[in-house]
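Enquirer: Hey, dropping start.cif in here, mmCIF, C-alpha atoms:
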```cif
data_model
#
loop_
_atom_site.label_atom_id
_atom_site.label_comp_id
_atom_site.auth_asym_id
_atom_site.auth_seq_id
_atom_site.Cartn_x
_atom_site.Cartn_y
_atom_site.Cartn_z
CA MET V 1 75.53 58.78 -63.87
CA PRO V 2 76.66 57.38 -67.23
CA VAL V 3 78.25 53.97 -67.40
CA LYS V 4 82.03 53.86 -67.69
CA LEU V 5 83.90 51.92 -70.34
CA PHE V 6 87.59 51.24 -69.85
CA GLY V 7 88.93 50.76 -73.34
CA PHE V 8 91.64 51.57 -75.84
CA TRP V 9 91.37 52.84 -79.42
CA ARG V 10 92.89 49.69 -80.88
CA SER V 11 91.03 47.13 -78.75
CA LEU V 12 88.61 45.12 -80.87
CA ALA V 13 86.85 43.91 -77.75
CA ALA V 14 86.18 47.46 -76.49
CA TYR V 15 85.03 48.41 -80.03
CA ARG V 16 82.31 45.71 -79.86
CA VAL V 17 80.99 47.12 -76.60
CA ARG V 18 81.06 50.73 -77.84
CA ILE V 19 78.83 49.79 -80.77
CA ALA V 20 76.43 47.89 -78.50
CA LEU V 21 76.09 50.86 -76.14
CA ASN V 22 75.30 53.13 -79.10
CA LEU V 23 72.69 50.73 -80.50
CA LYS V 24 71.05 50.52 -77.07
CA GLY V 25 71.18 54.31 -76.69
CA ILE V 26 73.28 54.16 -73.51
CA ALA V 27 75.51 57.16 -72.83
CA ARG V 28 78.99 56.32 -71.61
CA GLU V 29 82.08 57.89 -70.20
CA ASP V 30 85.25 56.57 -71.83
CA VAL V 31 88.36 55.88 -69.79
CA PHE V 32 91.32 55.14 -71.99
CA ILE V 33 93.87 52.56 -70.86
CA ASN V 34 96.94 52.72 -73.06
CA LEU V 35 97.80 49.06 -73.69
CA LEU V 36 101.01 50.00 -75.50
CA THR V 37 102.53 51.85 -72.56
CA GLY V 38 101.31 49.23 -70.08
CA GLU V 39 98.65 51.24 -68.23
CA GLN V 40 96.65 48.00 -67.88
CA PHE V 41 99.26 46.79 -65.38
CA SER V 42 98.78 49.72 -62.97
CA ASP V 43 97.57 48.89 -59.46
CA ALA V 44 94.54 51.11 -60.01
CA TYR V 45 93.42 49.25 -63.13
CA LYS V 46 94.26 45.84 -61.72
CA LYS V 47 91.65 46.54 -59.03
CA ILE V 48 89.06 47.09 -61.76
CA ASN V 49 90.08 44.12 -63.90
CA PRO V 50 92.53 41.66 -62.32
CA GLN V 51 93.03 40.18 -65.79
CA MET V 52 94.64 43.48 -66.83
CA VAL V 53 92.93 43.63 -70.20
CA VAL V 54 90.23 45.85 -71.66
CA PRO V 55 87.33 46.34 -71.77
CA ALA V 56 85.92 46.72 -68.30
CA PHE V 57 82.40 48.02 -67.99
CA VAL V 58 81.30 49.81 -64.83
CA ASP V 59 77.68 50.58 -64.05
CA GLY V 60 77.34 51.89 -60.49
CA ASP V 61 78.58 49.14 -58.18
CA LEU V 62 78.73 46.58 -60.95
CA THR V 63 81.97 45.87 -62.81
CA LEU V 64 81.91 43.50 -65.78
CA THR V 65 84.70 42.12 -67.90
CA GLN V 66 84.87 40.01 -71.09
CA SER V 67 83.24 41.75 -74.05
CA MET V 68 80.90 38.90 -74.95
CA ALA V 69 79.59 38.69 -71.36
CA ILE V 70 79.07 42.47 -71.46
CA LEU V 71 77.15 42.23 -74.77
CA GLU V 72 74.89 39.50 -73.36
CA TYR V 73 74.33 41.56 -70.20
CA LEU V 74 73.43 44.69 -72.15
CA ASP V 75 71.01 42.67 -74.26
CA GLU V 76 69.31 41.23 -71.17
CA LYS V 77 69.05 44.55 -69.33
CA HIS V 78 68.18 46.67 -72.38
CA PRO V 79 66.35 44.34 -74.76
CA THR V 80 65.57 46.96 -77.43
CA PRO V 81 66.85 46.72 -80.08
CA PRO V 82 67.79 43.06 -79.59
CA LEU V 83 71.31 41.89 -80.40
CA LEU V 84 70.16 38.27 -80.71
CA PRO V 85 67.29 36.78 -82.73
CA ALA V 86 64.31 35.31 -80.90
CA ASP V 87 64.73 31.61 -81.83
CA PRO V 88 67.32 29.43 -80.02
CA GLU V 89 68.65 28.09 -83.34
CA GLY V 90 69.23 31.62 -84.64
CA ARG V 91 70.71 32.72 -81.34
CA ALA V 92 73.13 29.79 -81.50
CA ARG V 93 74.13 30.71 -85.04
CA VAL V 94 74.76 34.33 -84.08
CA ARG V 95 76.80 33.39 -81.01
CA SER V 96 78.76 30.86 -83.02
CA ILE V 97 79.72 33.49 -85.61
CA ALA V 98 80.61 35.98 -82.88
CA LEU V 99 82.80 33.40 -81.16
CA ILE V 100 84.82 32.74 -84.33
CA SER V 101 86.19 36.21 -83.72
CA VAL V 102 85.98 36.35 -79.91
CA ALA V 103 87.36 32.89 -79.12
CA ASP V 104 89.34 31.79 -82.17
CA THR V 105 90.84 34.83 -83.84
CA HIS V 106 91.12 37.91 -81.69
CA PRO V 107 92.86 36.15 -78.74
CA LEU V 108 95.80 35.41 -81.04
CA VAL V 109 96.59 39.02 -81.93
CA VAL V 110 96.18 40.88 -78.64
CA PRO V 111 99.03 42.90 -77.02
CA ARG V 112 100.07 40.20 -74.54
CA ILE V 113 100.56 37.73 -77.40
CA ARG V 114 102.47 40.25 -79.49
CA ARG V 115 104.67 41.03 -76.49
CA TYR V 116 105.29 37.36 -75.72
CA ILE V 117 106.24 36.49 -79.30
CA MET V 118 108.75 39.33 -79.57
CA GLN V 119 110.09 39.64 -76.02
CA ASP V 120 109.89 36.09 -74.71
CA MET V 121 110.26 34.05 -77.89
CA GLY V 122 112.70 36.51 -79.43
CA HIS V 123 110.99 36.97 -82.78
CA SER V 124 111.41 40.05 -84.95
CA GLU V 125 108.59 42.44 -85.80
CA ASP V 126 108.51 40.97 -89.32
CA GLU V 127 108.06 37.49 -87.89
CA LEU V 128 105.35 38.76 -85.57
CA ASN V 129 103.57 40.27 -88.57
CA VAL V 130 103.57 36.88 -90.31
CA TRP V 131 101.87 35.41 -87.24
CA LEU V 132 99.33 38.27 -87.09
CA ALA V 133 98.51 38.00 -90.79
CA HIS V 134 98.17 34.22 -90.63
CA TRP V 135 95.55 34.24 -87.88
CA GLN V 136 93.68 37.21 -89.26
CA VAL V 137 93.35 35.45 -92.62
CA SER V 138 92.33 32.22 -90.90
CA GLY V 139 89.67 34.10 -88.93
CA LEU V 140 88.27 35.90 -91.98
CA GLU V 141 88.13 32.59 -93.89
CA ALA V 142 86.12 30.99 -91.09
CA LEU V 143 83.81 33.99 -90.80
CA GLU V 144 83.25 34.15 -94.57
CA ALA V 145 82.47 30.40 -94.62
CA ALA V 146 79.91 30.96 -91.85
CA VAL V 147 77.98 33.67 -93.70
CA ALA V 148 78.55 33.15 -97.46
CA GLY V 149 75.73 31.34 -99.22
CA ASN V 150 73.86 30.71 -96.01
CA PRO V 151 70.13 31.41 -96.38
CA ALA V 152 70.06 32.80 -92.82
CA THR V 153 72.46 35.58 -93.82
CA GLY V 154 70.67 38.74 -94.89
CA LYS V 155 71.65 42.37 -95.09
CA PHE V 156 73.60 41.60 -91.93
CA ALA V 157 75.27 38.38 -90.70
CA HIS V 158 71.93 37.00 -89.53
CA GLY V 159 68.86 38.35 -91.27
CA ASP V 160 68.23 42.03 -91.80
CA SER V 161 68.81 43.27 -88.27
CA VAL V 162 72.10 43.90 -86.55
CA THR V 163 73.14 41.16 -84.13
CA MET V 164 76.09 40.35 -81.89
CA ALA V 165 77.66 38.64 -84.91
CA ASP V 166 77.96 41.96 -86.74
CA LEU V 167 79.39 43.60 -83.61
CA CYS V 168 82.23 41.06 -83.76
CA ILE V 169 82.66 40.93 -87.55
CA VAL V 170 83.08 44.69 -87.97
CA PRO V 171 86.05 45.15 -85.60
CA GLN V 172 87.70 41.95 -86.92
CA PHE V 173 87.27 42.89 -90.58
CA GLY V 174 88.25 46.50 -89.92
CA ALA V 175 91.42 45.43 -88.12
CA ALA V 176 92.40 43.17 -91.00
CA THR V 177 91.91 46.08 -93.41
CA MET V 178 94.01 48.42 -91.26
CA PHE V 179 96.68 45.71 -91.04
CA GLY V 180 96.77 45.40 -94.85
CA VAL V 181 95.20 41.95 -95.28
CA ASP V 182 93.72 41.48 -98.76
CA THR V 183 90.00 41.32 -98.09
CA ALA V 184 88.95 40.53 -101.68
CA PRO V 185 88.39 36.83 -100.86
CA TYR V 186 85.72 37.79 -98.30
CA PRO V 187 82.98 39.54 -100.29
CA THR V 188 80.16 38.62 -97.90
CA LEU V 189 82.03 40.03 -94.93
CA LYS V 190 82.82 43.14 -96.96
CA ARG V 191 79.14 43.62 -97.81
CA ILE V 192 78.14 43.16 -94.15
CA TYR V 193 80.91 45.50 -93.00
CA ASP V 194 79.78 48.18 -95.44
CA ALA V 195 76.14 47.82 -94.36
CA CYS V 196 77.19 48.22 -90.73
CA VAL V 197 79.51 51.17 -91.08
CA ALA V 198 76.81 53.01 -93.05
CA MET V 199 75.15 53.28 -89.61
CA ASP V 200 76.36 56.06 -87.36
CA GLU V 201 76.31 53.74 -84.29
CA PHE V 202 79.11 51.77 -85.94
CA ALA V 203 80.85 54.49 -87.93
CA ARG V 204 81.66 56.79 -85.04
CA GLU V 205 83.36 53.99 -83.13
CA HIS V 206 86.05 53.24 -85.68
CA PRO V 207 89.41 53.05 -83.89
CA SER V 208 90.74 56.04 -85.85
CA LYS V 209 87.90 58.19 -84.49
CA GLN V 210 88.62 57.55 -80.83
CA PRO V 211 90.01 60.44 -78.75
CA ASP V 212 93.04 58.35 -77.77
CA PHE V 213 93.94 57.44 -81.37
CA PRO V 214 97.54 58.62 -81.73
CA PRO V 215 98.30 61.53 -84.09
CA GLN V 216 99.85 60.14 -87.29
CA MET T 1 67.50 9.69 -82.49
CA PRO T 2 70.20 10.83 -80.04
CA VAL T 3 72.14 13.96 -80.73
CA LYS T 4 75.62 13.56 -82.20
CA LEU T 5 78.72 15.13 -80.76
CA PHE T 6 81.84 15.32 -82.90
CA GLY T 7 84.69 15.51 -80.41
CA PHE T 8 88.09 14.25 -79.39
CA TRP T 9 89.31 12.93 -76.05
CA ARG T 10 91.76 15.80 -75.54
CA SER T 11 89.48 18.64 -76.67
CA LEU T 12 88.60 20.88 -73.74
CA ALA T 13 85.78 22.43 -75.76
CA ALA T 14 84.14 19.05 -76.46
CA TYR T 15 84.62 18.16 -72.77
CA ARG T 16 82.51 21.20 -71.76
CA VAL T 17 79.67 20.09 -74.02
CA ARG T 18 79.80 16.46 -72.83
CA ILE T 19 79.31 17.61 -69.23
CA ALA T 20 76.40 19.88 -70.23
CA LEU T 21 74.64 17.05 -72.06
CA ASN T 22 74.99 14.82 -68.99
CA LEU T 23 73.66 17.51 -66.65
CA LYS T 24 70.67 18.04 -68.95
CA GLY T 25 70.12 14.28 -69.25
CA ILE T 26 70.52 14.26 -73.03
CA ALA T 27 71.77 11.00 -74.56
CA ARG T 28 74.40 11.41 -77.24
CA GLU T 29 76.26 9.49 -79.88
CA ASP T 30 79.97 10.31 -79.90
CA VAL T 31 81.86 10.63 -83.15
CA PHE T 32 85.59 10.89 -82.57
CA ILE T 33 87.66 13.14 -84.82
CA ASN T 34 91.34 12.49 -84.24
CA LEU T 35 92.87 15.97 -84.20
CA LEU T 36 96.39 14.54 -84.02
CA THR T 37 96.15 12.60 -87.27
CA GLY T 38 94.29 15.44 -89.00
CA GLU T 39 90.85 13.88 -89.37
CA GLN T 40 89.37 17.37 -88.88
CA PHE T 41 90.70 18.29 -92.34
CA SER T 42 88.76 15.54 -94.16
CA ASP T 43 86.22 16.65 -96.76
CA ALA T 44 83.51 14.83 -94.82
CA TYR T 45 84.20 16.73 -91.59
CA LYS T 46 84.75 20.03 -93.35
CA LYS T 47 81.14 19.79 -94.52
CA ILE T 48 80.03 19.50 -90.90
CA ASN T 49 82.31 22.24 -89.55
CA PRO T 50 84.07 24.41 -92.16
CA GLN T 51 86.30 25.68 -89.35
CA MET T 52 87.73 22.15 -89.06
CA VAL T 53 87.73 22.13 -85.26
CA VAL T 54 85.73 20.25 -82.66
CA PRO T 55 83.16 20.16 -81.22
CA ALA T 56 80.29 20.08 -83.66
CA PHE T 57 76.87 19.29 -82.29
CA VAL T 58 74.21 17.76 -84.55
CA ASP T 59 70.56 17.51 -83.56
CA GLY T 60 68.50 16.37 -86.53
CA ASP T 61 68.90 19.02 -89.24
CA LEU T 62 70.64 21.43 -86.92
CA THR T 63 74.42 21.64 -86.76
CA LEU T 64 76.04 23.90 -84.19
CA THR T 65 79.66 24.81 -83.60
CA GLN T 66 81.55 26.77 -80.92
CA SER T 67 81.22 25.18 -77.49
CA MET T 68 79.95 28.29 -75.72
CA ALA T 69 77.19 28.79 -78.31
CA ILE T 70 76.27 25.12 -77.86
CA LEU T 71 76.12 25.51 -74.06
CA GLU T 72 73.86 28.56 -74.37
CA TYR T 73 71.65 26.71 -76.86
CA LEU T 74 71.32 23.66 -74.61
CA ASP T 75 70.44 25.92 -71.71
CA GLU T 76 67.72 27.68 -73.73
CA LYS T 77 66.20 24.47 -75.14
CA HIS T 78 66.54 22.40 -71.97
CA PRO T 79 66.32 24.89 -69.09
CA THR T 80 66.51 22.31 -66.27
CA PRO T 81 68.87 22.28 -64.49
CA PRO T 82 69.97 25.79 -65.49
CA LEU T 83 73.59 26.46 -66.40
CA LEU T 84 73.22 30.18 -65.73
CA PRO T 85 71.82 31.97 -62.68
CA ALA T 86 68.55 33.92 -62.99
CA ASP T 87 69.84 37.48 -62.49
CA PRO T 88 71.58 39.36 -65.32
CA GLU T 89 74.44 40.39 -63.03
CA GLY T 90 75.08 36.78 -62.02
CA ARG T 91 74.73 35.59 -65.60
CA ALA T 92 77.33 38.15 -66.65
CA ARG T 93 79.71 37.01 -63.92
CA VAL T 94 79.32 33.35 -64.95
CA ARG T 95 79.86 34.10 -68.63
CA SER T 96 82.83 36.29 -67.82
CA ILE T 97 84.50 33.47 -65.85
CA ALA T 98 83.71 30.96 -68.61
CA LEU T 99 85.19 33.30 -71.21
CA ILE T 100 88.50 33.56 -69.34
CA SER T 101 88.96 29.96 -70.40
CA VAL T 102 87.03 29.97 -73.69
CA ALA T 103 88.35 33.24 -75.12
CA ASP T 104 91.63 33.96 -73.36
CA THR T 105 93.31 30.69 -72.45
CA HIS T 106 92.15 27.67 -74.39
CA PRO T 107 92.58 29.27 -77.87
CA LEU T 108 96.31 29.54 -77.18
CA VAL T 109 96.92 25.83 -76.64
CA VAL T 110 94.81 24.14 -79.33
CA PRO T 111 96.32 21.82 -81.97
CA ARG T 112 96.45 24.41 -84.76
CA ILE T 113 98.53 26.72 -82.51
CA ARG T 114 100.83 23.88 -81.45
CA ARG T 115 101.30 22.91 -85.08
CA TYR T 116 101.98 26.49 -86.17
CA ILE T 117 104.56 27.12 -83.44
CA MET T 118 106.50 23.95 -84.24
CA GLN T 119 106.03 23.57 -88.00
CA ASP T 120 105.75 27.16 -89.21
CA MET T 121 107.79 29.03 -86.60
CA GLY T 122 110.32 26.21 -86.25
CA HIS T 123 110.26 25.88 -82.48
CA SER T 124 111.21 22.69 -80.64
CA GLU T 125 108.79 20.69 -78.53
CA ASP T 126 110.50 22.03 -75.40
CA GLU T 127 109.94 25.58 -76.57
CA LEU T 128 106.32 24.77 -77.38
CA ASN T 129 105.93 23.41 -73.84
CA VAL T 130 107.19 26.71 -72.41
CA TRP T 131 104.45 28.50 -74.42
CA LEU T 132 101.78 26.04 -73.30
CA ALA T 133 102.79 26.27 -69.64
CA HIS T 134 102.93 30.08 -69.76
CA TRP T 135 99.37 30.50 -71.03
CA GLN T 136 97.94 27.78 -68.84
CA VAL T 137 99.42 29.45 -65.77
CA SER T 138 98.18 32.84 -66.92
CA GLY T 139 94.68 31.41 -67.41
CA LEU T 140 94.61 29.72 -64.00
CA GLU T 141 95.80 32.95 -62.35
CA ALA T 142 92.97 34.89 -63.98
CA LEU T 143 90.39 32.24 -63.08
CA GLU T 144 91.59 32.05 -59.46
CA ALA T 145 91.44 35.86 -59.19
CA ALA T 146 87.85 35.74 -60.47
CA VAL T 147 86.63 33.26 -57.86
CA ALA T 148 88.91 33.57 -54.78
CA GLY T 149 87.48 35.67 -52.00
CA ASN T 150 84.44 36.68 -54.03
CA PRO T 151 81.24 36.46 -51.99
CA ALA T 152 79.37 35.21 -55.07
CA THR T 153 81.57 32.11 -55.18
CA GLY T 154 80.05 29.18 -53.32
CA LYS T 155 80.52 25.46 -53.47
CA PHE T 156 80.91 26.07 -57.20
CA ALA T 157 82.23 29.05 -59.15
CA HIS T 158 78.95 30.92 -58.72
CA GLY T 159 76.86 29.93 -55.71
CA ASP T 160 76.05 26.37 -54.84
CA SER T 161 74.79 25.17 -58.22
CA VAL T 162 76.82 24.15 -61.22
CA THR T 163 77.01 26.81 -63.95
CA MET T 164 78.68 27.29 -67.29
CA ALA T 165 81.67 28.68 -65.38
CA ASP T 166 82.32 25.28 -63.79
CA LEU T 167 81.94 23.56 -67.17
CA CYS T 168 84.84 25.68 -68.40
CA ILE T 169 86.97 25.65 -65.23
CA VAL T 170 87.01 21.84 -64.92
CA PRO T 171 88.51 21.06 -68.36
CA GLN T 172 90.98 23.95 -68.05
CA PHE T 173 92.13 22.97 -64.56
CA GLY T 174 92.21 19.29 -65.49
CA ALA T 175 94.32 19.97 -68.56
CA ALA T 176 96.80 21.99 -66.52
CA THR T 177 97.07 19.10 -64.06
CA MET T 178 97.62 16.56 -66.85
CA PHE T 179 100.24 18.89 -68.35
CA GLY T 180 102.09 19.07 -65.03
CA VAL T 181 101.38 22.67 -64.02
CA ASP T 182 101.72 23.21 -60.28
CA THR T 183 98.16 23.91 -59.18
CA ALA T 184 98.99 24.71 -55.53
CA PRO T 185 98.61 28.49 -56.13
CA TYR T 186 94.96 27.97 -57.17
CA PRO T 187 93.23 26.56 -54.08
CA THR T 188 89.78 27.93 -54.94
CA LEU T 189 89.89 26.37 -58.42
CA LYS T 190 91.08 23.11 -56.87
CA ARG T 191 88.17 23.12 -54.42
CA ILE T 192 85.68 23.82 -57.23
CA TYR T 193 87.29 21.16 -59.44
CA ASP T 194 87.03 18.57 -56.66
CA ALA T 195 83.39 19.46 -55.96
CA CYS T 196 82.59 19.05 -59.67
CA VAL T 197 84.41 15.80 -60.32
CA ALA T 198 82.69 14.28 -57.29
CA MET T 199 79.63 14.34 -59.57
CA ASP T 200 79.30 11.52 -62.05
CA GLU T 201 78.17 13.91 -64.82
CA PHE T 202 81.65 15.43 -64.70
CA ALA T 203 83.71 12.43 -63.63
CA ARG T 204 82.81 10.15 -66.50
CA GLU T 205 83.80 12.74 -69.07
CA HIS T 206 87.44 13.03 -68.04
CA PRO T 207 89.61 12.83 -71.17
CA SER T 208 91.25 9.63 -69.94
CA LYS T 209 87.85 7.92 -69.78
CA GLN T 210 86.90 8.59 -73.39
CA PRO T 211 86.80 5.59 -75.77
CA ASP T 212 89.28 7.30 -78.12
CA PHE T 213 91.84 7.95 -75.35
CA PRO T 214 95.02 6.29 -76.62
CA PRO T 215 96.34 3.22 -74.77
CA GLN T 216 99.36 4.25 -72.66
#
```
How does this structure look as structure tokens?

Expert:
Amino acid sequence: MPVKLFGFWRSLAAYRVRIALNLKGIAREDVFINLLTGEQFSDAYKKINPQMVVPAFVDGDLTLTQSMAILEYLDEKHPTPPLLPADPEGRARVRSIALISVADTHPLVVPRIRRYIMQDMGHSEDELNVWLAHWQVSGLEALEAAVAGNPATGKFAHGDSVTMADLCIVPQFGAATMFGVDTAPYPTLKRIYDACVAMDEFAREHPSKQPDFPPQ
Amino acid sequence: MPVKLFGFWRSLAAYRVRIALNLKGIAREDVFINLLTGEQFSDAYKKINPQMVVPAFVDGDLTLTQSMAILEYLDEKHPTPPLLPADPEGRARVRSIALISVADTHPLVVPRIRRYIMQDMGHSEDELNVWLAHWQVSGLEALEAAVAGNPATGKFAHGDSVTMADLCIVPQFGAATMFGVDTAPYPTLKRIYDACVAMDEFAREHPSKQPDFPPQ
């Protein structure tokens, strides 16, 4: 039985996990939870993830939430190819880069924040977009500073093999591009993004290629 | 030479690392970066952490940022006592609980967000407090749902040994208490918090016991 991934085309966190599953060669069944129509608040989904966010990863009796915990789990259970380098210093660097997106950037632009800013704080969509742009730019600046000119950076964010850092950079950078952020100030991220999306494991998981991506 | 920890009395992320260092028996030198007066924006600190946030952890030539990456690094370099259980499923559960605080709750209440909401969005301090209370409550609800009634929860968040999950729950729960959130709806968190702060490794790191805690 394939594993199940509860996700959504626009979710950056689900995107990270999709890439990891591809790199590990793990077949999955996608279950799409429409975060814009509120499907995450259904009683059925709340039983799977009481936090009512995606992704949730189900493998037999095991249900996991939080994308970074899922990535670490996949890397422990399916070590080849590794998503972390072998040395603790390198592993720390990779996790630190990943967390710039996971812990400092992405949480500020998710649906519940967008909803709160417009519905609870009464801001307009234009004002929300200023917020979204601000934190996306701030995240890209921090990510670029972490990789640019660092001798540990290679073809990818850490050396010449894909790591968890790339799995977090690609969705973040891609989202900024889709949102219209000027990415010219982040040439190292752009180079890493291009190297990643040249790989089919990344390319086929772009949000616009997901079955639940809305017709334009 | 002891390791150096750049932190701030009120930083929940630095608090996590302080507890970990105590549990591992690692002596540290504290360097306090006053986030309220903007010391994190100094050129000197920007060289240590270009993201201009705390904590930063310095061990000889190595500088690490992002509290969760630092916790994982400490656990890999100093495996006793472990901060993660031995089984991948348990490790995933612990990381997932930790990330509810690290990735979904704490990022919404940090100084740069407070500053942005008041200075850039023009909200009053009262309005900011509504935001802060909302996300703290939402975080505690998610954490309580993750531990309450789960057979894997023991004296601590996962079994009867301290894990990374407790290192994230304690600062989050403590901050909510200091902020005045009613914690009665979170009895499992309260029980875990009490079990943790009964240990000196936790108790002596309470924000109010830090040398840079302002005189009241």

Enquirer: Compare V:Tyr73, V:Phe213, V:Phe32, V:Tyr15 by their minimum atom-to-atom distance to chain T, counting only C-alpha atoms, and give me the closest one.

Expert: V:Tyr73

Enquirer: For the PyMOL selection byres ((chain V) within 8 of (chain T)), applied here, can you spell out every residue it catches as a PyMOL selection string?

Expert: chain V and resi 50-51+62+64-66+68-70+72-73+76-77+88-89+91-93+95-96+99-100+102-104+107-108+142+145-146

Enquirer: Check which residues satisfy the PyMOL selection byres ((chain T and resi 197) around 12) in the file shown, then give them as a list of chain:residue names.

Expert: T:Ile19, T:Phe156, T:Val162, T:Asp166, T:Leu167, T:Ile169, T:Val170, T:Pro171, T:Phe173, T:Gly174, T:Lys190, T:Arg191, T:Ile192, T:Tyr193, T:Asp194, T:Ala195, T:Cys196, T:Ala198, T:Met199, T:Asp200, T:Glu201, T:Phe202, T:Ala203, T:Arg204, T:Glu205, T:His206

Enquirer: Can you tell me how far CA of Tyr186 (chain T) sits from CA of Pro55 (chain V), in Å to one decimal?

Expert: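 Separation of CA of Tyr186 (chain T) and CA of Pro55 (chain V): 24.7 Å.
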
Enquirer: Give me, as a PyMOL selection string, all polymer residues having an atom no more than 12 Å from Thr37 (chain V), counting only C-alpha atoms and skipping those fewer than 6 positions away in the same chain.

Expert: chain V and resi 8+111+115

Enquirer: Could you state the separation of CA of Ser161 (chain V) and CA of Leu5 (chain V) in Å, given to one decimal place?

Expert: 25.0 Å

Enquirer: Can you measure CA of Ser11 (chain V) to CA of Asp61 (chain V) for me? One decimal in Å is fine.

Expert: 24.1 Å

Enquirer: Here is a test: counting all atoms listed in the file, which residue of V:Ser208, V:Thr163, V:Asn129, V:Gln136 is nearest to Leu23 (chain V)?

Expert: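 Closest to Leu23 (chain V), using all atoms listed in the file: V:Thr163.
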